[in-house]
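One file, final05.tsv, carrying TSV, N, CA and C atoms:
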```tsv
chain	number	residue	atom	x	y	z
A	30	MET	N	90.57	72.32	91.44
A	30	MET	CA	91.20	71.07	91.85
A	30	MET	C	91.08	70.93	93.35
A	31	ALA	N	90.55	69.84	93.80
A	31	ALA	CA	90.39	69.60	95.24
A	31	ALA	C	91.70	69.08	95.81
A	32	VAL	N	92.24	69.84	96.75
A	32	VAL	CA	93.52	69.45	97.35
A	32	VAL	C	93.45	69.46	98.86
A	33	GLY	N	92.31	69.18	99.42
A	33	GLY	CA	92.19	69.16	100.87
A	33	GLY	C	91.87	70.54	101.41
A	34	TRP	N	92.62	70.98	102.41
A	34	TRP	CA	92.34	72.23	103.10
A	34	TRP	C	93.05	73.43	102.52
A	35	SER	N	93.85	73.26	101.49
A	35	SER	CA	94.56	74.42	100.94
A	35	SER	C	93.65	75.24	100.03
A	36	ARG	N	93.99	76.50	99.88
A	36	ARG	CA	93.18	77.40	99.06
A	36	ARG	C	93.50	77.19	97.58
A	37	ASP	N	92.66	77.73	96.73
A	37	ASP	CA	92.87	77.62	95.29
A	37	ASP	C	94.20	78.27	94.91
A	38	GLY	N	94.95	77.61	94.05
A	38	GLY	CA	96.22	78.14	93.59
A	38	GLY	C	97.41	77.81	94.47
A	39	ALA	N	97.19	77.20	95.61
A	39	ALA	CA	98.29	76.91	96.52
A	39	ALA	C	99.26	75.89	95.93
A	40	VAL	N	98.75	74.94	95.19
A	40	VAL	CA	99.62	73.93	94.58
A	40	VAL	C	100.54	74.60	93.56
A	41	GLN	N	99.98	75.47	92.73
A	41	GLN	CA	100.80	76.17	91.73
A	41	GLN	C	101.84	77.07	92.41
A	42	GLU	N	101.47	77.70	93.50
A	42	GLU	CA	102.43	78.55	94.23
A	42	GLU	C	103.59	77.71	94.75
A	43	GLN	N	103.31	76.52	95.23
A	43	GLN	CA	104.37	75.64	95.73
A	43	GLN	C	105.28	75.21	94.57
A	44	ILE	N	104.68	74.89	93.41
A	44	ILE	CA	105.48	74.52	92.24
A	44	ILE	C	106.35	75.69	91.82
A	45	ASP	N	105.78	76.89	91.75
A	45	ASP	CA	106.54	78.08	91.37
A	45	ASP	C	107.69	78.34	92.35
A	46	ALA	N	107.43	78.17	93.64
A	46	ALA	CA	108.47	78.38	94.65
A	46	ALA	C	109.60	77.36	94.49
A	47	THR	N	109.25	76.12	94.17
A	47	THR	CA	110.25	75.08	93.97
A	47	THR	C	111.12	75.39	92.76
A	48	VAL	N	110.49	75.83	91.67
A	48	VAL	CA	111.24	76.18	90.46
A	48	VAL	C	112.14	77.38	90.72
A	49	ALA	N	111.61	78.41	91.38
A	49	ALA	CA	112.41	79.60	91.69
A	49	ALA	C	113.60	79.24	92.57
A	50	SER	N	113.38	78.36	93.51
A	50	SER	CA	114.45	77.92	94.40
A	50	SER	C	115.54	77.18	93.62
A	51	ALA	N	115.13	76.33	92.69
A	51	ALA	CA	116.09	75.59	91.88
A	51	ALA	C	116.89	76.52	90.97
A	52	VAL	N	116.24	77.54	90.43
A	52	VAL	CA	116.94	78.51	89.57
A	52	VAL	C	117.97	79.28	90.38
A	53	GLU	N	117.60	79.71	91.56
A	53	GLU	CA	118.55	80.44	92.43
A	53	GLU	C	119.73	79.56	92.82
A	54	LEU	N	119.48	78.30	93.11
A	54	LEU	CA	120.55	77.37	93.46
A	54	LEU	C	121.49	77.19	92.27
A	55	ALA	N	120.94	77.02	91.09
A	55	ALA	CA	121.77	76.86	89.89
A	55	ALA	C	122.62	78.11	89.64
A	56	LYS	N	122.03	79.29	89.80
A	56	LYS	CA	122.78	80.53	89.62
A	56	LYS	C	123.91	80.66	90.63
A	57	SER	N	123.65	80.24	91.87
A	57	SER	CA	124.66	80.36	92.91
A	57	SER	C	125.85	79.41	92.67
A	58	ARG	N	125.62	78.36	91.91
A	58	ARG	CA	126.68	77.39	91.63
A	58	ARG	C	127.53	77.76	90.43
A	59	LEU	N	127.13	78.78	89.67
A	59	LEU	CA	127.92	79.19	88.52
A	59	LEU	C	129.21	79.84	89.00
A	60	PRO	N	130.32	79.52	88.33
A	60	PRO	CA	131.59	80.14	88.73
A	60	PRO	C	131.57	81.63	88.46
A	61	LYS	N	132.23	82.38	89.33
A	61	LYS	CA	132.29	83.84	89.19
A	61	LYS	C	133.73	84.29	89.40
A	62	GLY	N	134.08	85.38	88.78
A	62	GLY	CA	135.39	85.98	89.01
A	62	GLY	C	136.51	85.31	88.25
A	63	GLU	N	137.69	85.47	88.75
A	63	GLU	CA	138.92	84.96	88.14
A	63	GLU	C	139.07	83.47	88.42
A	64	SER	N	139.52	82.71	87.41
A	64	SER	CA	139.78	81.28	87.59
A	64	SER	C	140.98	81.08	88.49
A	65	PHE	N	140.93	80.04	89.29
A	65	PHE	CA	142.06	79.68	90.13
A	65	PHE	C	143.08	78.91	89.29
A	66	THR	N	144.35	79.04	89.63
A	66	THR	CA	145.38	78.26	88.94
A	66	THR	C	145.54	76.88	89.58
A	67	HIS	N	145.14	76.78	90.85
A	67	HIS	CA	145.21	75.51	91.58
A	67	HIS	C	143.86	75.22	92.22
A	68	CYS	N	143.53	73.95	92.33
A	68	CYS	CA	142.24	73.52	92.89
A	68	CYS	C	142.07	74.03	94.32
A	69	GLU	N	140.89	74.52	94.60
A	69	GLU	CA	140.56	75.05	95.93
A	69	GLU	C	140.58	73.94	96.99
A	70	GLU	N	140.27	72.71	96.59
A	70	GLU	CA	140.18	71.59	97.53
A	70	GLU	C	141.51	70.86	97.71
A	71	CYS	N	142.10	70.40	96.59
A	71	CYS	CA	143.28	69.52	96.69
A	71	CYS	C	144.58	70.20	96.24
A	72	GLU	N	144.50	71.41	95.74
A	72	GLU	CA	145.64	72.22	95.31
A	72	GLU	C	146.41	71.66	94.12
A	73	VAL	N	145.77	70.78	93.35
A	73	VAL	CA	146.36	70.28	92.10
A	73	VAL	C	146.23	71.41	91.06
A	74	PRO	N	147.23	71.60	90.21
A	74	PRO	CA	147.12	72.64	89.19
A	74	PRO	C	145.94	72.39	88.25
A	75	ILE	N	145.20	73.45	87.94
A	75	ILE	CA	144.08	73.36	87.00
A	75	ILE	C	144.63	73.70	85.62
A	76	PRO	N	144.44	72.81	84.64
A	76	PRO	CA	144.98	73.07	83.30
A	76	PRO	C	144.44	74.37	82.69
A	77	GLU	N	145.27	75.03	81.90
A	77	GLU	CA	144.88	76.29	81.30
A	77	GLU	C	143.65	76.14	80.41
A	78	ALA	N	143.53	75.01	79.71
A	78	ALA	CA	142.37	74.79	78.84
A	78	ALA	C	141.08	74.80	79.65
A	79	ARG	N	141.10	74.20	80.84
A	79	ARG	CA	139.91	74.20	81.71
A	79	ARG	C	139.61	75.61	82.21
A	80	ARG	N	140.65	76.35	82.56
A	80	ARG	CA	140.44	77.71	83.05
A	80	ARG	C	139.85	78.60	81.96
A	81	LYS	N	140.25	78.38	80.71
A	81	LYS	CA	139.70	79.16	79.60
A	81	LYS	C	138.28	78.73	79.26
A	82	ALA	N	138.02	77.43	79.36
A	82	ALA	CA	136.70	76.89	79.01
A	82	ALA	C	135.63	77.29	80.02
A	83	ILE	N	136.01	77.38	81.29
A	83	ILE	CA	135.07	77.70	82.36
A	83	ILE	C	135.61	78.87	83.17
A	84	PRO	N	135.27	80.09	82.78
A	84	PRO	CA	135.75	81.26	83.54
A	84	PRO	C	135.28	81.19	84.99
A	85	GLY	N	136.20	81.45	85.90
A	85	GLY	CA	135.86	81.43	87.32
A	85	GLY	C	135.96	80.06	87.96
A	86	VAL	N	136.53	79.08	87.24
A	86	VAL	CA	136.63	77.72	87.78
A	86	VAL	C	137.52	77.71	89.03
A	87	ARG	N	137.10	76.92	90.02
A	87	ARG	CA	137.83	76.86	91.29
A	87	ARG	C	138.29	75.46	91.64
A	88	LEU	N	137.74	74.44	90.96
A	88	LEU	CA	138.04	73.05	91.29
A	88	LEU	C	138.60	72.30	90.10
A	89	CYS	N	139.45	71.29	90.37
A	89	CYS	CA	139.92	70.40	89.32
A	89	CYS	C	138.76	69.48	88.93
A	90	VAL	N	138.92	68.72	87.87
A	90	VAL	CA	137.86	67.85	87.37
A	90	VAL	C	137.45	66.82	88.43
A	91	ALA	N	138.41	66.22	89.11
A	91	ALA	CA	138.10	65.19	90.11
A	91	ALA	C	137.29	65.77	91.27
A	92	CYS	N	137.69	66.90	91.78
A	92	CYS	CA	136.97	67.53	92.90
A	92	CYS	C	135.59	68.03	92.45
A	93	GLN	N	135.50	68.55	91.22
A	93	GLN	CA	134.22	69.01	90.70
A	93	GLN	C	133.25	67.83	90.56
A	94	SER	N	133.75	66.69	90.09
A	94	SER	CA	132.91	65.50	89.95
A	94	SER	C	132.39	65.04	91.31
A	95	GLU	N	133.24	65.05	92.32
A	95	GLU	CA	132.84	64.65	93.67
A	95	GLU	C	131.79	65.61	94.23
A	96	LEU	N	131.98	66.90	94.00
A	96	LEU	CA	131.01	67.90	94.46
A	96	LEU	C	129.65	67.67	93.80
A	97	GLU	N	129.65	67.41	92.50
A	97	GLU	CA	128.40	67.19	91.79
A	97	GLU	C	127.69	65.92	92.26
A	98	LYS	N	128.43	64.89	92.64
A	98	LYS	CA	127.82	63.67	93.19
A	98	LYS	C	127.11	63.99	94.50
A	99	ARG	N	127.76	64.77	95.36
A	99	ARG	CA	127.15	65.13	96.65
A	99	ARG	C	125.91	66.00	96.43
A	100	GLN	N	125.98	66.92	95.48
A	100	GLN	CA	124.83	67.79	95.20
A	100	GLN	C	123.67	67.00	94.63
A	101	LYS	N	123.96	66.01	93.79
A	101	LYS	CA	122.90	65.20	93.20
A	101	LYS	C	122.21	64.38	94.28
A	102	ALA	N	122.97	63.83	95.22
A	102	ALA	CA	122.38	63.05	96.31
A	102	ALA	C	121.46	63.92	97.16
A	103	ALA	N	121.85	65.16	97.39
A	103	ALA	CA	121.02	66.06	98.20
A	103	ALA	C	119.77	66.50	97.45
A	104	ALA	N	119.82	66.51	96.13
A	104	ALA	CA	118.69	66.97	95.33
A	104	ALA	C	117.57	65.94	95.21
A	105	LEU	N	117.78	64.74	95.70
A	105	LEU	CA	116.76	63.70	95.58
A	105	LEU	C	115.66	63.81	96.62
A	106	TYR	N	115.70	64.82	97.46
A	106	TYR	CA	114.69	65.00	98.49
A	106	TYR	C	113.96	66.32	98.28
A	107	ASN	N	112.62	66.27	98.43
A	107	ASN	CA	111.83	67.48	98.22
A	107	ASN	C	111.72	68.28	99.51
A	108	ARG	N	110.92	69.33	99.50
A	108	ARG	CA	110.81	70.24	100.65
A	108	ARG	C	110.29	69.55	101.91
A	109	ARG	N	109.51	68.51	101.76
A	109	ARG	CA	108.97	67.82	102.93
A	109	ARG	C	109.93	66.75	103.46
A	110	GLY	N	111.07	66.56	102.80
A	110	GLY	CA	112.06	65.62	103.26
A	110	GLY	C	111.82	64.20	102.77
A	111	SER	N	110.85	63.99	101.90
A	111	SER	CA	110.62	62.65	101.38
A	111	SER	C	111.23	62.53	99.99
A	112	LYS	N	111.46	61.31	99.57
A	112	LYS	CA	112.09	61.07	98.28
A	112	LYS	C	111.19	61.54	97.14
A	113	ASP	N	111.76	62.15	96.13
A	113	ASP	CA	111.01	62.68	94.98
A	113	ASP	C	110.67	61.60	93.97
A	114	SER	N	110.32	60.42	94.39
A	114	SER	CA	110.06	59.34	93.45
A	114	SER	C	108.85	59.61	92.58
A	115	GLN	N	107.91	60.41	93.05
A	115	GLN	CA	106.71	60.69	92.26
A	115	GLN	C	107.03	61.56	91.05
A	116	LEU	N	108.18	62.22	91.01
A	116	LEU	CA	108.53	63.10	89.91
A	116	LEU	C	109.36	62.41	88.84
A	117	LYS	N	109.76	61.16	89.06
A	117	LYS	CA	110.61	60.46	88.10
A	117	LYS	C	109.82	59.74	87.07
```
Could you show the structure in this file as structure tokens?
Amino acid sequence: MAVGWSRDGAVQEQIDATVASAVELAKSRLPKGESFTHCEECEVPIPEARRKAIPGVRLCVACQSELEKRQKAAALYNRRGSKDSQLK
């Protein structure tokens, strides 16, 4: 595949690096340890059902939703800083 000045396999290496990076990010976002009884952000009590359903939970539903919105907005940009519109 002709890709300009890059060597053979460089495109696949970049794809592999992007996938590995996404996997590491996803793993880092998984809750770990003991669940909190109160939200880390707003200190609202976290219901027992949520603590049992998601071991290691640290945020209430409202704060978790807000965090996920911010993370989704940040994920719309690729390594070069341009919008990932070509992948949609």
- request: For Gly62 in chain A, list every protein, DNA or RNA residue within 6.5 Å, evaluated using all atoms listed in the file, and leave out those in the same chain fewer than 6 positions away; present the list as a list in words.
  value: Pro84, Gly85 and Val86 of chain A
- prompt: Can you tell me how far CA of Leu96 in chain A sits from CA of Arg58 in chain A, in Å to one decimal?
  reply: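 Computing it gives 10.8 Å between the two atoms.
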query: Can you tell me how far atom C of Cys68 in chain A sits from atom N of Ala51 in chain A, in Å to one decimal?
result: 27.1 Å
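Here CA of Ile75 in chain A stands at a distance of 6.1 Å from atom N of Cys89 in chain A.
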query: With all atoms listed in the file as the basis for distance, which of A:Gln93, A:Gln100, A:Gln41, A:Ser64 is at the shortest distance from Arg80 in chain A?
result: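 Counting all atoms listed in the file, the residue closest to Arg80 in chain A is A:Ser64.
When only N, CA and C atoms are used to measure the gap to Phe65 in chain A, the shortest distance among A:Leu88, A:Lys98, A:Arg36, A:Val48 belongs to A:Leu88.
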Proximity to Glu63 in chain A - best of A:Ile83, A:Ala46, A:Ala102, A:Val90, all atoms listed in the file: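 Between A:Ile83, A:Ala46, A:Ala102, A:Val90, the residue approaching Glu63 in chain A most closely is A:Ile83.
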